[in-house]
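**Student:** One structure is given below, represented as structure tokens, and several questions about it will come after.
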Amino acid sequence: MTGPEMATDGYWERLPLLARDGASGLFPTPWREAVSGLISIAAILAVFGLVFAFLTLAERKILGRTQNRPGPNRTGPGGLLQPFADAIKMLTKEDIIPRTADRVLHFLAPVVLVAFSLIAFAVIPFGRRLLPVDLDSGVLYFFAAGAGTELAVFMAGWGSRNKYSLLGAMRALAQLISYELPLLLAFVPVIMASGTLSTRGIVAAQGGWTDGLIPRWHVFTPWGFAGFILFMVAALAESNRSPFDLPEAESELIAGHLTEYSGFKYALFFMAEYFGMCALSGMAVTLFLGGWQAPCAFLEVVPSYVWFALKLLGLLLGFIWIRATLPRLRIDQLTRLAWKFLVPLALINLGSAGWAGPLQPLRWAVALALVALPFLLIGRKLTAGIGPRIYRYAAP
Amino acid sequence: MTAPPELFASDPSSRVRPVHDEFHGDLLEVSMGPHHPSTHGVFRMNVTLDGETVVKLKPVLGYLHRNHEKIGEKASYLGSLPFTDRLDYFCSMTNSWAYALAVEKLTGQAVPERAEYLRVILAELTRLINHTCLAGFLLQDGGASGTPLMYAFREREKILDLFESLSGSRMMCNYQRFGGCRVDPSPAWLEGAQRVTDGYGAFLDEFESLLTGNEILMARTQGIGRLAPALAVSAGVTGPMLRASGVDYDLRKVDGYGIYPRFAFRIPLGDHGDTYDRYMIRILEMRESIGILRQALRDIPGGPCLDPGAKLRGLRPKAGEAYARIEGPKGEIGFYLISDGSPSPYRYRVRPPSFINLTLLEDLCLGHTVADAVVILGSIDIVLGEVDR
Amino acid sequence: MLGTGLLHGLKVTAKNLVGSFHDPARYVTTEYPEVKAPQPENARSFPFLVSESAADPMGTMRCVACQICEKECPPQCIYIEKSKDKKPGPDGRMQLYPAVFDIDISVCMSCQICVEVCPFDAIRMDQIFEIATTERFSALLFDREKLAKPNAYYHQLHPTEAAEVDARRQAAEAKTRAKAAKPASVQPPTAPGAKAQNPPGNAP
């Protein structure tokens, strides 16, 4: 992916590409492109594999610190080897397959889940020159791959031939499908504003700065901000994170679609959940937070992939922070939130973004009002009957 | 849709809504427990589900039965004291106070004033511990991944350290005696108690801002497990569960045992009787307890902490019977003793508040989902040591 | 507005997260076994028998095998066998001693009633808790040899209490010696360790 402006990029900016081209240059010419693609795949696997490993550690340590305790700190210095210890533990566990289970489905479900989660990474631009596959409809491809993961959840529940697994899988699937709609509707204004479905184009549309200081990211527009919040809430639900982690809840009756899985396959489900989290966060960065763009003009000396990484880490830490604080929603409350709150707001948000033209402050004020008012009204209706109470005391 | 089940139907099976035959829907019968992260001990619930809704719930108890009452008939009066600590193992101070009160009634033993103040201080500290733990556990069951529980336990540690430096043990204190308290606290201990009391208000404020206005918590607990006051009274429910349904009955005011009439405190009452009310009443009671503690620590007199004429070993009360009850953190805990003049009681009976409150579990859970059943169980505040004895 | 409660909660969690790095009140873990939480003086775990001297713990035990603690122990974890002969006790008088004194640690519930009822200050509470063992049966039955510990150890564990006990015992002994020194009246010697009626400051 060399471009005409590559010569003007800084050394650190060009370094990953130089490394890849150098490695593929060792091979004869007809193979170079294939090898170059394989190196990109290997790089993504390696980087996001390590991100997954250290994200589990970061989650446990941040959860621990929030709870006034250290988190894992015994394996390795400061607990850094903990993810590898966990991996070894998972690998050495016995792999139990129920006798009545459908062996093909039971085996394929985690594989399919991880596979679809991984192929979604192909269209995320990690840096100025670091877009693995430049598709014209990159965003569409991304969400199609994400929908494929839902199939795997159902395969897991059905293939286990277990009443409880099937019920749990149906519940998980209901949650995933309900939140697909707000997820997709939330970024449609972004597509409308950028005029393209290609991720490269969306990031390019967010380029530039007003007065060299305020970036033109979509999150700083009223419809973009509302869309970002909706997208992140739906992303929480799509990756089964707290407060939408009912399918994995331990205080629940049924372990859900994961009941019949043990050992490494169980680990693969969680790996897929974290990959999904990273992919969705990466897409949120691309769509709303300007992708690899620097926040200010003079900060462009820092390479673009570093900015992408910082923004991604910020979103992932937000996921962890929310997990540390919020209790869990019940399944009917969860689905009600999606259909009766998020979907109407997302649709209204569409309307507020569709108006282009002059008088930008007026447009923005109207757009803000257009989202804020329904938020307050529907919010009030959703929480009707519940609210803080004042208690009386017995007469002395 | 059939009418809601009648509460006092003579045939218990009529409480189950009939299932439509044409769907051949079978009811799913599941057993939650005894090994389960949310059952607060070894406790089993046989739940019959219609889809997600609970249509029948049978609690199965007895996994922690330890023959407490039978042991009480063989051990001496002094020997039963450490066993009472282990009934409701969160509240050892109040259990043994109720037992000591029963024996003092049997023997007509007087208690010096300093000991009465000490008993009040320790009982209110125990109330703080218990209600803090309940808040933590309830939220843990509701799904907050451990954060409120850890905060609750952090504060509980401070009070447990106080108990350890006073009586030698954090939970199984073995502190009350017939005629007072075993160990006289030093002025340093009283200062420590004062510090803990002063810091507790800030902790409660932080805890409340973490959770009380939380929309998710409110959605999970408001309107869930509603308890009508008439049913609560007729089932013998006592404690915060009763007061959350709006019934003004607190033994500290009704009986005025010990020196409670000297302290100014209010009784919070709930209007809805649901899980949220049970949780909030306990938070408000904690604030009242802090007030009582301040007053008691300010007014505690000097003097002996154990009546000099008190007899410990070889106690042989005259033949007779006595029932003494106190407002423990979970409800009315009472001890009924029948003495026949020998060193061991003829009959030794504990009135366990958790067990009696638990008998209403099915009524509270009918019509709710399984997730709610877990939260309702948490709000009843049971400890299996007391339920099973 | 919907969501304000959630935001308050996030603020509290963030305060704890940031505070755990600089505020000791927000990081309350003691990393055992490198750091051990200090035990207060009153802390109790299992009983031990007090001997006067470390050089001869068996011979200078204060216990006279009166078996009161065995009778009063609620879970009945103490087993005592009196000796057939008498040995000179710590104050020189001939007294019985326990030939067998076993405490089953796996049964003992640390209630310390044995300590309260002992008239001879012979049994006190230890603070040991790192006694986990892989041997299921005999390793948790502490016999006389394992239980006997010197008075110096008692002073180390519970300084205030040990000082009080020593003062009381010395006062009682002084009283006994004073009575025995009086040639006119022949009075039976009072038992050692009886509660002193003299105000403190009387003993030499």
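Identifiers in this document derive from the order of the structure tokens: chains are assigned A, B, ..., residues are numbered from 1 separately in each chain, and ligands are numbered from 1 in order of occurrence.
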Using only C-alpha atoms, which protein or nucleic acid residues come within 10 Å of Pro243 (chain A)? Drop anything in the same chain fewer than 5 positions from it, and give the result as a count of residues only.
**Tutor:** 17
**Student:** Please check the contacts: residues of chain C at most 12 Å away from chain B, using only C-alpha atoms, listed as JSON, numbers by chain.
**Tutor:** {"C": [1, 2, 3, 4, 5, 6, 7, 8, 9, 10, 11, 12, 13, 14, 15, 16, 17, 24, 25, 26, 27, 28, 29, 37, 38, 39, 40, 41, 42, 43, 44, 45, 46, 68, 69, 70, 71, 72, 73, 74, 75, 76, 108, 109, 110, 111, 112, 113, 114, 116, 117, 118, 119, 125, 126, 127, 158, 160, 161]}
**Student:** Pick out each residue of region 273-363 of chain B that DSSP on the backbone tags as helix (DSSP H, G or I); I need them as a PyMOL selection string.
**Tutor:** chain B and resi 275-299+353-358+361-363
**Student:** Taking N, CA, C and O atoms for each residue, export the selection above as a compact mmCIF listing (two decimals), in the first residue's frame.
**Tutor:**
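Dumped everything to selection14.txt:
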```txt
# COMPACT_ATOMS: atom_id res chain seq x y z
N THR B 275 -38.10 -4.78 46.99
CA THR B 275 -36.70 -5.02 47.29
C THR B 275 -35.94 -3.71 47.50
O THR B 275 -35.08 -3.62 48.38
N TYR B 276 -36.28 -2.72 46.72
CA TYR B 276 -35.59 -1.43 46.86
C TYR B 276 -35.84 -0.84 48.23
O TYR B 276 -34.94 -0.30 48.87
N ASP B 277 -37.08 -0.97 48.72
CA ASP B 277 -37.37 -0.45 50.05
C ASP B 277 -36.57 -1.20 51.10
O ASP B 277 -36.04 -0.60 52.02
N ARG B 278 -36.49 -2.54 50.94
CA ARG B 278 -35.74 -3.29 51.95
C ARG B 278 -34.28 -2.86 51.95
O ARG B 278 -33.65 -2.77 53.00
N TYR B 279 -33.75 -2.58 50.79
CA TYR B 279 -32.35 -2.14 50.72
C TYR B 279 -32.21 -0.75 51.33
O TYR B 279 -31.34 -0.50 52.17
N MET B 280 -33.09 0.17 50.96
CA MET B 280 -32.95 1.55 51.43
C MET B 280 -33.23 1.67 52.91
O MET B 280 -32.60 2.48 53.60
N ILE B 281 -34.18 0.89 53.44
CA ILE B 281 -34.45 0.96 54.88
C ILE B 281 -33.19 0.60 55.64
O ILE B 281 -32.86 1.19 56.67
N ARG B 282 -32.44 -0.37 55.14
CA ARG B 282 -31.23 -0.75 55.85
C ARG B 282 -30.20 0.36 55.79
O ARG B 282 -29.49 0.60 56.78
N ILE B 283 -30.10 1.04 54.66
CA ILE B 283 -29.14 2.15 54.60
C ILE B 283 -29.56 3.23 55.60
O ILE B 283 -28.72 3.77 56.34
N LEU B 284 -30.86 3.53 55.67
CA LEU B 284 -31.30 4.56 56.60
C LEU B 284 -31.10 4.11 58.05
O LEU B 284 -30.74 4.91 58.91
N GLU B 285 -31.32 2.81 58.29
CA GLU B 285 -31.09 2.33 59.66
C GLU B 285 -29.63 2.47 60.05
O GLU B 285 -29.30 2.71 61.21
N MET B 286 -28.76 2.29 59.08
CA MET B 286 -27.33 2.45 59.39
C MET B 286 -27.06 3.88 59.84
O MET B 286 -26.29 4.11 60.77
N ARG B 287 -27.68 4.83 59.19
CA ARG B 287 -27.46 6.22 59.60
C ARG B 287 -27.98 6.45 61.02
O ARG B 287 -27.36 7.15 61.82
N GLU B 288 -29.15 5.85 61.34
CA GLU B 288 -29.65 5.99 62.70
C GLU B 288 -28.72 5.32 63.70
O GLU B 288 -28.50 5.83 64.81
N SER B 289 -28.14 4.19 63.30
CA SER B 289 -27.21 3.50 64.22
C SER B 289 -26.00 4.36 64.51
O SER B 289 -25.48 4.35 65.63
N ILE B 290 -25.55 5.10 63.49
CA ILE B 290 -24.40 5.97 63.73
C ILE B 290 -24.76 7.01 64.78
O ILE B 290 -23.98 7.33 65.67
N GLY B 291 -26.01 7.50 64.73
CA GLY B 291 -26.46 8.45 65.74
C GLY B 291 -26.47 7.84 67.13
O GLY B 291 -26.00 8.44 68.10
N ILE B 292 -26.98 6.61 67.22
CA ILE B 292 -27.02 5.96 68.54
C ILE B 292 -25.60 5.75 69.06
O ILE B 292 -25.31 5.95 70.25
N LEU B 293 -24.70 5.35 68.16
CA LEU B 293 -23.33 5.11 68.59
C LEU B 293 -22.70 6.37 69.15
O LEU B 293 -22.01 6.35 70.17
N ARG B 294 -22.95 7.47 68.47
CA ARG B 294 -22.36 8.74 68.96
C ARG B 294 -22.85 9.03 70.36
O ARG B 294 -22.07 9.40 71.24
N GLN B 295 -24.18 8.87 70.56
CA GLN B 295 -24.72 9.16 71.89
C GLN B 295 -24.15 8.21 72.93
O GLN B 295 -23.78 8.62 74.04
N ALA B 296 -24.07 6.93 72.60
CA ALA B 296 -23.60 5.96 73.59
C ALA B 296 -22.13 6.19 73.92
O ALA B 296 -21.73 6.12 75.09
N LEU B 297 -21.32 6.47 72.90
CA LEU B 297 -19.90 6.68 73.18
C LEU B 297 -19.68 7.95 73.98
O LEU B 297 -18.73 8.05 74.75
N ARG B 298 -20.58 8.89 73.84
CA ARG B 298 -20.43 10.12 74.59
C ARG B 298 -20.80 9.91 76.05
O ARG B 298 -20.18 10.44 76.95
N ASP B 299 -21.85 9.09 76.28
CA ASP B 299 -22.41 9.00 77.63
C ASP B 299 -21.94 7.81 78.43
O ASP B 299 -22.39 7.62 79.55
N PRO B 353 -34.71 -15.17 63.20
CA PRO B 353 -35.43 -14.25 62.33
C PRO B 353 -35.27 -14.56 60.85
O PRO B 353 -36.23 -14.46 60.09
N SER B 354 -34.07 -15.00 60.43
CA SER B 354 -33.87 -15.28 59.00
C SER B 354 -34.79 -16.39 58.54
O SER B 354 -35.37 -16.33 57.46
N PHE B 355 -34.94 -17.42 59.35
CA PHE B 355 -35.75 -18.56 58.96
C PHE B 355 -37.19 -18.14 58.79
O PHE B 355 -37.86 -18.49 57.81
N ILE B 356 -37.69 -17.36 59.75
CA ILE B 356 -39.10 -16.98 59.67
C ILE B 356 -39.33 -16.01 58.53
O ILE B 356 -40.35 -16.08 57.83
N ASN B 357 -38.37 -15.12 58.29
CA ASN B 357 -38.52 -14.23 57.13
C ASN B 357 -38.46 -15.03 55.84
O ASN B 357 -39.08 -14.67 54.85
N LEU B 358 -37.69 -16.12 55.83
CA LEU B 358 -37.49 -16.89 54.61
C LEU B 358 -38.75 -17.65 54.21
O LEU B 358 -38.92 -18.01 53.05
N LEU B 361 -40.55 -16.64 51.06
CA LEU B 361 -39.81 -16.51 49.80
C LEU B 361 -40.69 -16.83 48.60
O LEU B 361 -40.68 -16.13 47.59
N GLU B 362 -41.50 -17.90 48.71
CA GLU B 362 -42.29 -18.28 47.55
C GLU B 362 -43.30 -17.19 47.20
O GLU B 362 -43.46 -16.82 46.04
N ASP B 363 -43.95 -16.65 48.25
CA ASP B 363 -44.95 -15.62 47.97
C ASP B 363 -44.34 -14.41 47.30
O ASP B 363 -44.97 -13.76 46.47
```
**Student:** Each residue of chain B with at least one atom at most 6 Å from chain A should appear once, together with its nearest atom pair and the corresponding distance in Å (one decimal); atoms considered: only C-alpha atoms; ordering: chain, then increasing residue number; output as a Markdown table.
**Tutor:**
```
| residue | atom | partner | partner_atom | distance |
| --- | --- | --- | --- | --- |
| B:Pro37 | CA | A:Ser251 | CA | 5.9 |
| B:Ser38 | CA | A:Ser251 | CA | 5.7 |
| B:Gly142 | CA | A:Pro327 | CA | 5.8 |
| B:Gly143 | CA | A:Pro327 | CA | 4.4 |
| B:Ala144 | CA | A:Pro327 | CA | 3.7 |
| B:Thr147 | CA | A:Gln67 | CA | 5.3 |
| B:Met150 | CA | A:Gln67 | CA | 5.6 |
| B:Ile267 | CA | A:Tyr393 | CA | 5.3 |
| B:Pro268 | CA | A:Tyr393 | CA | 4.3 |
| B:Leu269 | CA | A:Tyr393 | CA | 5.5 |
```
**Student:** What does the file look like for those residues with all heavy atoms, as a PDB file, in the first residue's frame?
**Tutor:**
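As written to disk, part-v2.pdb reads:
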```
ATOM      1  N   PRO B  37     -23.417 -19.466  43.484  1.00  0.00           N
ATOM      2  CA  PRO B  37     -22.774 -18.232  43.966  1.00  0.00           C
ATOM      3  C   PRO B  37     -23.713 -17.297  44.684  1.00  0.00           C
ATOM      4  O   PRO B  37     -23.269 -16.421  45.399  1.00  0.00           O
ATOM      5  CB  PRO B  37     -22.258 -17.568  42.683  1.00  0.00           C
ATOM      6  CG  PRO B  37     -22.376 -18.559  41.630  1.00  0.00           C
ATOM      7  CD  PRO B  37     -23.307 -19.618  42.038  1.00  0.00           C
ATOM      8  N   SER B  38     -25.021 -17.447  44.497  1.00  0.00           N
ATOM      9  CA  SER B  38     -25.896 -16.406  45.032  1.00  0.00           C
ATOM     10  C   SER B  38     -26.821 -16.857  46.125  1.00  0.00           C
ATOM     11  O   SER B  38     -27.734 -16.136  46.439  1.00  0.00           O
ATOM     12  CB  SER B  38     -26.777 -15.843  43.922  1.00  0.00           C
ATOM     13  OG  SER B  38     -25.991 -15.518  42.855  1.00  0.00           O
ATOM     14  N   GLY B 142     -27.056  -8.617  42.098  1.00  0.00           N
ATOM     15  CA  GLY B 142     -27.639  -7.872  41.000  1.00  0.00           C
ATOM     16  C   GLY B 142     -26.702  -7.725  39.831  1.00  0.00           C
ATOM     17  O   GLY B 142     -27.111  -7.287  38.772  1.00  0.00           O
ATOM     18  N   GLY B 143     -25.458  -8.069  40.005  1.00  0.00           N
ATOM     19  CA  GLY B 143     -24.560  -8.109  38.865  1.00  0.00           C
ATOM     20  C   GLY B 143     -23.444  -7.097  38.860  1.00  0.00           C
ATOM     21  O   GLY B 143     -22.615  -7.127  37.968  1.00  0.00           O
ATOM     22  N   ALA B 144     -23.406  -6.193  39.816  1.00  0.00           N
ATOM     23  CA  ALA B 144     -22.275  -5.271  39.855  1.00  0.00           C
ATOM     24  C   ALA B 144     -21.062  -6.075  40.241  1.00  0.00           C
ATOM     25  O   ALA B 144     -20.992  -6.598  41.338  1.00  0.00           O
ATOM     26  CB  ALA B 144     -22.547  -4.179  40.882  1.00  0.00           C
ATOM     27  N   THR B 147     -17.702  -4.651  42.921  1.00  0.00           N
ATOM     28  CA  THR B 147     -17.201  -3.378  43.462  1.00  0.00           C
ATOM     29  C   THR B 147     -17.902  -2.966  44.747  1.00  0.00           C
ATOM     30  O   THR B 147     -17.238  -2.685  45.737  1.00  0.00           O
ATOM     31  CB  THR B 147     -17.327  -2.280  42.396  1.00  0.00           C
ATOM     32  OG1 THR B 147     -16.843  -2.775  41.181  1.00  0.00           O
ATOM     33  CG2 THR B 147     -16.558  -1.069  42.790  1.00  0.00           C
ATOM     34  N   MET B 150     -16.759  -5.127  47.649  1.00  0.00           N
ATOM     35  CA  MET B 150     -15.422  -4.853  48.172  1.00  0.00           C
ATOM     36  C   MET B 150     -15.420  -3.609  49.048  1.00  0.00           C
ATOM     37  O   MET B 150     -14.735  -3.558  50.070  1.00  0.00           O
ATOM     38  CB  MET B 150     -14.431  -4.667  47.023  1.00  0.00           C
ATOM     39  CG  MET B 150     -14.147  -5.915  46.257  1.00  0.00           C
ATOM     40  SD  MET B 150     -13.225  -7.082  47.259  1.00  0.00           S
ATOM     41  CE  MET B 150     -14.178  -8.526  47.005  1.00  0.00           C
ATOM     42  N   ILE B 267     -37.172   5.580  63.385  1.00  0.00           N
ATOM     43  CA  ILE B 267     -37.392   4.298  62.701  1.00  0.00           C
ATOM     44  C   ILE B 267     -37.839   4.604  61.283  1.00  0.00           C
ATOM     45  O   ILE B 267     -38.924   5.118  61.078  1.00  0.00           O
ATOM     46  CB  ILE B 267     -38.499   3.502  63.412  1.00  0.00           C
ATOM     47  CG1 ILE B 267     -38.195   3.379  64.888  1.00  0.00           C
ATOM     48  CG2 ILE B 267     -38.665   2.154  62.777  1.00  0.00           C
ATOM     49  CD1 ILE B 267     -37.015   2.554  65.200  1.00  0.00           C
ATOM     50  N   PRO B 268     -37.021   4.296  60.275  1.00  0.00           N
ATOM     51  CA  PRO B 268     -37.472   4.542  58.902  1.00  0.00           C
ATOM     52  C   PRO B 268     -38.487   3.488  58.477  1.00  0.00           C
ATOM     53  O   PRO B 268     -38.377   2.313  58.832  1.00  0.00           O
ATOM     54  CB  PRO B 268     -36.179   4.424  58.083  1.00  0.00           C
ATOM     55  CG  PRO B 268     -35.273   3.621  58.901  1.00  0.00           C
ATOM     56  CD  PRO B 268     -35.657   3.791  60.332  1.00  0.00           C
ATOM     57  N   LEU B 269     -39.471   3.931  57.708  1.00  0.00           N
ATOM     58  CA  LEU B 269     -40.497   3.009  57.224  1.00  0.00           C
ATOM     59  C   LEU B 269     -40.592   3.118  55.722  1.00  0.00           C
ATOM     60  O   LEU B 269     -40.448   4.197  55.159  1.00  0.00           O
ATOM     61  CB  LEU B 269     -41.858   3.366  57.844  1.00  0.00           C
ATOM     62  CG  LEU B 269     -41.972   3.188  59.347  1.00  0.00           C
ATOM     63  CD1 LEU B 269     -43.335   3.662  59.800  1.00  0.00           C
ATOM     64  CD2 LEU B 269     -41.801   1.729  59.715  1.00  0.00           C
TER      65      LEU B 269
END
```
**Student:** Pull the strand (DSSP E or B) assignments for region 30-196 of chain C out of DSSP run on the backbone, and list those residues as JSON, numbers by chain.
**Tutor:** {"C": [47, 48, 49, 50, 51, 61, 78, 79, 80, 81, 82, 87, 88, 94, 95, 98, 99, 100, 101, 102, 103, 104, 123, 124, 125, 141, 142, 148, 149, 150]}
**Student:** Hey, which of A:Ala53, A:Ile229, A:Ala144, A:Val285 ends up closest to chain C? Count only C-alpha atoms.
**Tutor:** A:Ile229
**Student:** Restricting the calculation to only C-alpha atoms, which member of A:Arg161, A:Arg103, A:Thr286, A:Phe341 is positioned closest to chain C?
**Tutor:**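 Counting only C-alpha atoms, the residue closest to chain C is A:Phe341.
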**Student:** I want to know what sits within 8 Å of Gly282 (chain A), based on only C-alpha atoms, with residues of the same chain fewer than 4 positions away left out; could you give that as a list in words?
**Tutor:**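 With the cut-off at 8 Å, the set is Ile124, Cys278, Thr286 and Leu312 of chain A.
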**Student:** Between CA of Pro47 (chain C) and CA of Ile123 (chain C), what is the distance, to one decimal in Å?
**Tutor:**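 CA of Ile123 (chain C) lies 6.4 Å from CA of Pro47 (chain C).
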**Student:** Between CA of His35 (chain B) and CA of Leu384 (chain B), what is the distance, to one decimal in Å?
**Tutor:**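 About the pair CA of His35 (chain B) and CA of Leu384 (chain B): they are 13.0 Å apart.
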**Student:** For the atom pair CA of Glu104 (chain B) and CA of Leu190 (chain B), what is the interatomic distance in Å to one decimal place?
**Tutor:**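 Computing the Euclidean distance for CA of Glu104 (chain B) and CA of Leu190 (chain B) yields 26.1 Å.
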**Student:** Neighbouring residues of Val196 (chain B) were defined as those with any atom within 7 Å, considering only C-alpha atoms; residues of the same chain fewer than 4 positions away were excluded. Please report them as an NGL selection string.
**Tutor:** :B and (158 or 192 or 200)
**Student:** With a distance cut-off of 12 Å and only C-alpha atoms, select the neighbouring residues of Val254 (chain B), excluding the residue or stretch itself and same-chain residues fewer than 5 positions from it, and output the selection as number ranges by chain.
**Tutor:** A: 396; B: 248-249, 260-261, 267, 325-327, 332
**Student:** Identify, on the basis of only C-alpha atoms, every residue whose closest approach to Ala148 (chain C) does not exceed 9 Å; exclude the query and any residue fewer than 2 positions from it along the same chain; express the result as a PyMOL selection string.
**Tutor:** chain C and resi 48-51+57-58+61+143-146+150
**Student:** Which residues, written as JSON, numbers by chain, have at least one atom at most 8 Å from Thr53 (chain B), with only C-alpha atoms counted and residues fewer than 3 positions away on the same chain left out?
**Tutor:** {"B": [49, 50, 366, 367, 368, 369, 370]}
